[in-house]
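J.: Sharing a structure here in structure tokens format.
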Amino acid sequence: MHRHTVFALLVFTALAHPAFAADNELTEQEKRDGWILLFDGKTLSGWTTNDGQPSARPVEQGSLNPHRCGGYMLIHERQWENFILTLDFKISPGCNTGLFFRTAPLKPLPGKDVGYNGLEVAIDDTRGQGYTDTGAIYGLVAANSNVMRPAGRWNHLVLTCNKNIVEVRLNHRTVTMMDLDMWTEPGQRPNGSPHKFEFAYKDHPRRGYIGLQDHGGECWYKNIKLQPLK
């Protein structure tokens, strides 16, 4: 067979059976594997503020932007327990925001914001490796490296919550691991150092909402997909 014919057949096969989906779509393999598309790229279907109100911020260029949404965060309407969540995000210069998970209940504690009711993956325009830099479990577990791309560029994040184990992968590198069963004392890390939250995370709810925080800066999210874990 002529090499040009072979090339044409390969191109046709690739187009007919794409390995990668377009933005905000599932591949055929993802569908077979039980992935769920949480954001359709066109509407706010399935998303409200944490107060249960429609977002004041419309979909922009196929992305969700929680900034000025009208609440502390945009949440997906369903609660999740054990799952793999993948998404792409980019932030504006100086942005300080976060991805919340296992947030429950949505009623804030007295004198606190609703963020205290969940765990948070920090997303910040910083270059450090502290408890508030991108990929850290905010205030609790520092990221082992900072592989955040510059503001304005897309990043790929994978969050896995499997019973007591939480893993954060950023741009294809594991940056944070947390074993909730080791967090037995309120306000204290397993190594004895203090943190500001008055919880023993061993007993924190392991089922809750996913939320995109509005913390005063522009940020965009797309390709938000979730695979429930049995």
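Identifiers in the structure tokens: chain A, B, ... in order shown; residue index from 1 per chain; ligand index from 1 in order shown.
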Name all residues at most 12 Å from A:Gly62 (count only C-alpha atoms; drop same-chain ones fewer than 3 positions away) and give them as a list in words.
T.: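 Returned residues: Ala22, Asp23, Asn24, Glu25, Phe39, Asp40, Gly41, Lys42, Thr43, Leu44, Pro58, Val59, Asn65, Asp88, Phe89, Trp220, Tyr221, Lys222, Asn223 and Ile224 of chain A.
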J.: At most 9 Å is the cut-off: for each residue in stretch 164-189 of chain A with any atom that close to an atom of stretch 140-153 of chain A, write down the nearest atom pair and the distance in Å rounded to one decimal, counting only C-alpha atoms, chain first then increasing number, as a Markdown table.
T.:
```
| residue | atom | partner | partner_atom | distance |
| --- | --- | --- | --- | --- |
| A:Val168 | CA | A:Ala143 | CA | 8.8 |
| A:Leu170 | CA | A:Val147 | CA | 6.9 |
| A:Asn171 | CA | A:Val147 | CA | 6.9 |
| A:Arg173 | CA | A:Val147 | CA | 8.0 |
| A:Thr174 | CA | A:Asn144 | CA | 8.3 |
| A:Val175 | CA | A:Ala143 | CA | 5.1 |
| A:Thr176 | CA | A:Ala143 | CA | 5.1 |
| A:Met177 | CA | A:Val141 | CA | 7.8 |
| A:Met178 | CA | A:Val141 | CA | 7.1 |
| A:Gln188 | CA | A:Leu140 | CA | 8.9 |
| A:Arg189 | CA | A:Leu140 | CA | 7.0 |
```
J.: Could you dump the residues just selected with N, CA and C atoms as a CSV table (one decimal), in the first residue's frame?
T.:
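The result, stored in again24.csv:
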```
chain,number,residue,atom,x,y,z
A,168,VAL,N,-3.2,14.8,45.8
A,168,VAL,CA,-3.3,15.9,44.8
A,168,VAL,C,-2.2,15.7,43.8
A,170,LEU,N,-0.7,17.6,40.4
A,170,LEU,CA,-0.7,18.9,39.6
A,170,LEU,C,0.2,18.8,38.5
A,171,ASN,N,-0.3,19.0,37.3
A,171,ASN,CA,0.5,18.9,36.0
A,171,ASN,C,1.3,17.6,36.0
A,173,ARG,N,2.2,15.5,38.4
A,173,ARG,CA,3.1,15.1,39.4
A,173,ARG,C,2.3,15.1,40.8
A,174,THR,N,2.5,14.1,41.6
A,174,THR,CA,1.9,14.0,42.9
A,174,THR,C,2.7,15.0,43.8
A,175,VAL,N,1.9,16.0,44.3
A,175,VAL,CA,2.5,17.0,45.1
A,175,VAL,C,2.0,17.0,46.6
A,176,THR,N,0.9,16.3,46.9
A,176,THR,CA,0.4,16.2,48.3
A,176,THR,C,-0.2,14.9,48.5
A,177,MET,N,0.0,14.3,49.7
A,177,MET,CA,-0.7,13.1,50.2
A,177,MET,C,-1.1,13.4,51.6
A,178,MET,N,-2.3,12.9,52.0
A,178,MET,CA,-2.8,13.1,53.3
A,178,MET,C,-3.6,11.8,53.7
A,188,GLN,N,-4.1,20.2,65.4
A,188,GLN,CA,-2.7,19.7,65.5
A,188,GLN,C,-2.5,18.7,64.4
A,189,ARG,N,-1.4,18.8,63.7
A,189,ARG,CA,-0.9,17.9,62.7
A,189,ARG,C,-0.4,16.6,63.3
```
J.: Go ahead and compute the interatomic distance for atom CA of A:Gly118 and atom CA of A:His204, in Å to one decimal.
T.: 8.3 Å
J.: Give the helix (DSSP H, G or I) residues of stretch 11-152 of chain A, as DSSP finds them on the backbone, and put them as a ChimeraX atom specification.
T.: /A:11-16,28-32,114-117
J.: Keeping N, CA and C atoms, export the residues of the selection given above as a short mmCIF file (atom, residue, chain, number, x, y, z; two decimals), in the first residue's frame.
T.:
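The resulting out02.cif:
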```cif
data_model
loop_
_atom_site.label_atom_id
_atom_site.label_comp_id
_atom_site.auth_asym_id
_atom_site.auth_seq_id
_atom_site.Cartn_x
_atom_site.Cartn_y
_atom_site.Cartn_z
N VAL A 11 -5.03 8.98 9.56
CA VAL A 11 -5.70 10.24 9.88
C VAL A 11 -7.20 10.01 10.03
N PHE A 12 -7.79 9.25 9.09
CA PHE A 12 -9.23 8.98 9.16
C PHE A 12 -9.59 8.23 10.44
N THR A 13 -8.77 7.24 10.81
CA THR A 13 -9.02 6.48 12.03
C THR A 13 -8.95 7.37 13.26
N ALA A 14 -7.95 8.25 13.30
CA ALA A 14 -7.79 9.15 14.44
C ALA A 14 -8.98 10.09 14.57
N LEU A 15 -9.49 10.57 13.44
CA LEU A 15 -10.62 11.48 13.47
C LEU A 15 -11.91 10.76 13.85
N ALA A 16 -12.03 9.52 13.40
CA ALA A 16 -13.24 8.76 13.67
C ALA A 16 -13.29 8.24 15.10
N GLU A 28 -14.97 8.46 24.68
CA GLU A 28 -15.73 7.21 24.73
C GLU A 28 -15.19 6.30 25.84
N GLN A 29 -13.87 6.30 26.02
CA GLN A 29 -13.28 5.47 27.07
C GLN A 29 -13.68 5.97 28.45
N GLU A 30 -13.71 7.29 28.64
CA GLU A 30 -14.14 7.85 29.92
C GLU A 30 -15.59 7.47 30.22
N LYS A 31 -16.43 7.50 29.21
CA LYS A 31 -17.81 7.09 29.40
C LYS A 31 -17.89 5.63 29.83
N ARG A 32 -17.11 4.77 29.19
CA ARG A 32 -17.11 3.36 29.55
C ARG A 32 -16.59 3.15 30.97
N VAL A 114 -18.03 29.18 55.31
CA VAL A 114 -18.35 27.79 55.01
C VAL A 114 -17.11 26.98 54.65
N GLY A 115 -16.02 27.65 54.29
CA GLY A 115 -14.79 26.94 53.97
C GLY A 115 -14.26 26.11 55.12
N TYR A 116 -14.58 26.50 56.35
CA TYR A 116 -14.14 25.73 57.51
C TYR A 116 -14.79 24.35 57.55
N ASN A 117 -15.86 24.17 56.80
CA ASN A 117 -16.58 22.89 56.81
C ASN A 117 -16.03 21.90 55.80
#
```
J.: Write out as an MDAnalysis selection string each polymer residue whose atoms come within 10 Å of A:Asp181, counting only C-alpha atoms; drop sequence neighbours fewer than 2 positions from it.
T.: chainID A and resid 163:165 178:179 183:184 190 200:204
J.: Put those residues in a file: all heavy atoms, as a compact mmCIF listing (two decimals), in the first residue's frame.
T.:
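Writing the result to out_23.txt gives the following:
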```
# COMPACT_ATOMS: atom_id res chain seq x y z
N LYS A 163 -11.55 6.98 50.72
CA LYS A 163 -11.68 6.74 52.15
C LYS A 163 -10.81 7.73 52.92
O LYS A 163 -11.05 8.92 52.90
CB LYS A 163 -11.37 5.29 52.47
CG LYS A 163 -12.31 4.30 51.78
CD LYS A 163 -11.96 2.86 52.09
CE LYS A 163 -12.90 1.90 51.37
NZ LYS A 163 -12.55 0.49 51.59
N ASN A 164 -9.75 7.26 53.57
CA ASN A 164 -8.91 8.13 54.40
C ASN A 164 -7.76 8.76 53.64
O ASN A 164 -7.05 9.61 54.19
CB ASN A 164 -8.34 7.35 55.58
CG ASN A 164 -7.55 6.13 55.15
OD1 ASN A 164 -8.08 5.26 54.46
ND2 ASN A 164 -6.30 6.02 55.56
N ILE A 165 -7.55 8.38 52.39
CA ILE A 165 -6.40 8.87 51.62
C ILE A 165 -6.82 9.98 50.66
O ILE A 165 -7.77 9.83 49.90
CB ILE A 165 -5.72 7.74 50.84
CG1 ILE A 165 -5.23 6.64 51.80
CG2 ILE A 165 -4.56 8.27 50.02
CD1 ILE A 165 -4.20 7.11 52.81
N MET A 178 -2.29 12.90 51.96
CA MET A 178 -2.81 13.08 53.32
C MET A 178 -3.55 11.82 53.74
O MET A 178 -4.45 11.35 53.02
CB MET A 178 -3.75 14.29 53.38
CG MET A 178 -4.28 14.62 54.76
SD MET A 178 -5.36 16.10 54.71
CE MET A 178 -5.63 16.39 56.45
N ASP A 179 -3.19 11.27 54.88
CA ASP A 179 -3.90 10.13 55.47
C ASP A 179 -4.74 10.67 56.62
O ASP A 179 -4.22 10.97 57.70
CB ASP A 179 -2.90 9.08 55.96
CG ASP A 179 -3.60 7.84 56.51
OD1 ASP A 179 -4.82 7.89 56.75
OD2 ASP A 179 -2.92 6.82 56.73
N TRP A 183 -4.83 12.05 61.57
CA TRP A 183 -5.15 13.37 62.12
C TRP A 183 -6.16 13.19 63.24
O TRP A 183 -7.36 13.38 63.08
CB TRP A 183 -5.69 14.27 61.01
CG TRP A 183 -4.64 14.56 59.98
CD1 TRP A 183 -4.10 13.69 59.07
CD2 TRP A 183 -3.99 15.81 59.76
NE1 TRP A 183 -3.15 14.31 58.31
CE2 TRP A 183 -3.05 15.61 58.70
CE3 TRP A 183 -4.09 17.07 60.34
CZ2 TRP A 183 -2.24 16.64 58.23
CZ3 TRP A 183 -3.30 18.10 59.88
CH2 TRP A 183 -2.38 17.88 58.82
N THR A 184 -5.65 12.85 64.43
CA THR A 184 -6.50 12.45 65.54
C THR A 184 -6.77 13.55 66.57
O THR A 184 -7.61 13.38 67.44
CB THR A 184 -5.87 11.25 66.27
OG1 THR A 184 -4.56 11.63 66.74
CG2 THR A 184 -5.74 10.05 65.32
N PRO A 190 -0.26 15.55 62.57
CA PRO A 190 0.30 14.32 63.14
C PRO A 190 1.69 14.49 63.73
O PRO A 190 2.06 13.75 64.66
CB PRO A 190 0.31 13.36 61.94
CG PRO A 190 -0.81 13.83 61.08
CD PRO A 190 -0.78 15.34 61.21
N ALA A 200 -10.42 17.36 64.44
CA ALA A 200 -9.61 16.15 64.28
C ALA A 200 -10.07 15.55 62.95
O ALA A 200 -11.18 15.02 62.86
CB ALA A 200 -9.85 15.18 65.43
N TYR A 201 -9.25 15.68 61.91
CA TYR A 201 -9.72 15.34 60.56
C TYR A 201 -9.99 13.86 60.37
O TYR A 201 -10.62 13.47 59.38
CB TYR A 201 -8.75 15.89 59.52
CG TYR A 201 -8.97 17.38 59.32
CD1 TYR A 201 -8.21 18.31 60.01
CD2 TYR A 201 -9.99 17.84 58.51
CE1 TYR A 201 -8.45 19.67 59.88
CE2 TYR A 201 -10.24 19.18 58.36
CZ TYR A 201 -9.47 20.10 59.04
OH TYR A 201 -9.72 21.45 58.90
N LYS A 202 -9.58 13.04 61.30
CA LYS A 202 -9.98 11.64 61.27
C LYS A 202 -11.49 11.52 61.33
O LYS A 202 -12.09 10.58 60.76
CB LYS A 202 -9.35 10.89 62.45
CG LYS A 202 -9.68 9.39 62.52
CD LYS A 202 -8.98 8.75 63.70
CE LYS A 202 -9.21 7.24 63.71
NZ LYS A 202 -10.65 6.93 63.92
N ASP A 203 -12.14 12.47 62.01
CA ASP A 203 -13.58 12.43 62.19
C ASP A 203 -14.33 13.40 61.28
O ASP A 203 -15.55 13.56 61.42
CB ASP A 203 -13.91 12.76 63.66
CG ASP A 203 -13.21 11.81 64.63
OD1 ASP A 203 -13.17 10.60 64.34
OD2 ASP A 203 -12.68 12.30 65.66
N HIS A 204 -13.62 14.06 60.39
CA HIS A 204 -14.27 15.01 59.47
C HIS A 204 -15.16 14.25 58.49
O HIS A 204 -14.84 13.12 58.09
CB HIS A 204 -13.20 15.80 58.70
CG HIS A 204 -13.74 16.93 57.90
ND1 HIS A 204 -14.23 16.77 56.61
CD2 HIS A 204 -13.89 18.25 58.19
CE1 HIS A 204 -14.63 17.95 56.16
NE2 HIS A 204 -14.44 18.85 57.09
```
J.: Tell me which of A:Thr27, A:Gln213, A:Thr160, A:Ser193 sits closest to A:Cys95, counting only C-alpha atoms.
T.: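 Among the listed residues, A:Gln213 lies closest to A:Cys95.
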J.: Select from stretch 122-163 of chain A everything DSSP, run on the backbone, classes as strand (DSSP E), then give the selection as a list in words.
T.: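 Matching residues for strand (DSSP E) in stretch 122-163 of chain A are Ala122, Ile123, Asp124, Asn155, His156, Leu157, Val158, Leu159, Thr160, Cys161 and Asn162 of chain A.
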J.: Can you write just those residues out, N, CA and C atoms, as a short mmCIF file (atom, residue, chain, number, x, y, z; two decimals), in the first residue's frame?
T.:
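Dumped everything to part.cif:
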```cif
data_model
loop_
_atom_site.label_atom_id
_atom_site.label_comp_id
_atom_site.auth_asym_id
_atom_site.auth_seq_id
_atom_site.Cartn_x
_atom_site.Cartn_y
_atom_site.Cartn_z
N ALA A 122 -5.20 24.34 47.85
CA ALA A 122 -4.82 25.73 47.60
C ALA A 122 -4.47 25.94 46.13
N ILE A 123 -4.91 27.07 45.59
CA ILE A 123 -4.56 27.49 44.23
C ILE A 123 -4.18 28.96 44.31
N ASP A 124 -2.90 29.25 44.17
CA ASP A 124 -2.41 30.60 44.40
C ASP A 124 -1.31 30.96 43.41
N ASN A 155 -3.49 24.79 33.91
CA ASN A 155 -2.90 23.74 34.73
C ASN A 155 -3.88 22.57 34.79
N HIS A 156 -3.35 21.38 34.99
CA HIS A 156 -4.19 20.18 35.09
C HIS A 156 -4.08 19.63 36.51
N LEU A 157 -5.21 19.45 37.16
CA LEU A 157 -5.24 18.99 38.54
C LEU A 157 -6.06 17.71 38.65
N VAL A 158 -5.54 16.76 39.43
CA VAL A 158 -6.25 15.51 39.72
C VAL A 158 -6.32 15.36 41.23
N LEU A 159 -7.52 15.28 41.76
CA LEU A 159 -7.75 15.10 43.19
C LEU A 159 -8.39 13.73 43.40
N THR A 160 -7.75 12.90 44.21
CA THR A 160 -8.29 11.59 44.54
C THR A 160 -8.63 11.54 46.02
N CYS A 161 -9.87 11.19 46.33
CA CYS A 161 -10.32 10.97 47.70
C CYS A 161 -10.81 9.53 47.78
N ASN A 162 -10.07 8.71 48.49
CA ASN A 162 -10.41 7.29 48.61
C ASN A 162 -10.37 6.92 50.09
#
```
J.: Kindly indicate which residue among A:Tyr131, A:His195, A:Tyr138, A:Val121 lies nearest to A:Glu167, using only C-alpha atoms for the distances.
T.: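 Of the candidates, the smallest distance to A:Glu167 is held by A:Val121.
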J.: What lies within 6 Å of A:Glu120 using only C-alpha atoms, ignoring chain neighbours under 6 positions off, as a count of residues only?
T.: 4
J.: Nearest to A:Thr103: which of A:Gly52, A:His67, A:Gly211, A:Val166 is it, counting only C-alpha atoms?
T.: A:Gly211
J.: Can you tell me which residues surround A:Leu229 at a distance of at most 8 Å, considering only C-alpha atoms, apart from same-chain residues fewer than 4 positions away, and format the answer as an MDAnalysis selection string?
T.: chainID A and resid 82:84 162
J.: Rank A:Asn191, A:Gln53, A:Ser92, A:Thr86 by their smallest atom-to-atom distance to A:Gly70, using only C-alpha atoms, and report the top residue only.
T.: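 Smallest separation from A:Gly70 among the options: A:Gln53.
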J.: Given only C-alpha atoms as the basis, pick out the residue of A:Gln61, A:Thr134, A:Gln227, A:Thr49 nearest to A:Trp35.
T.: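 Closest to A:Trp35, using only C-alpha atoms: A:Gln227.
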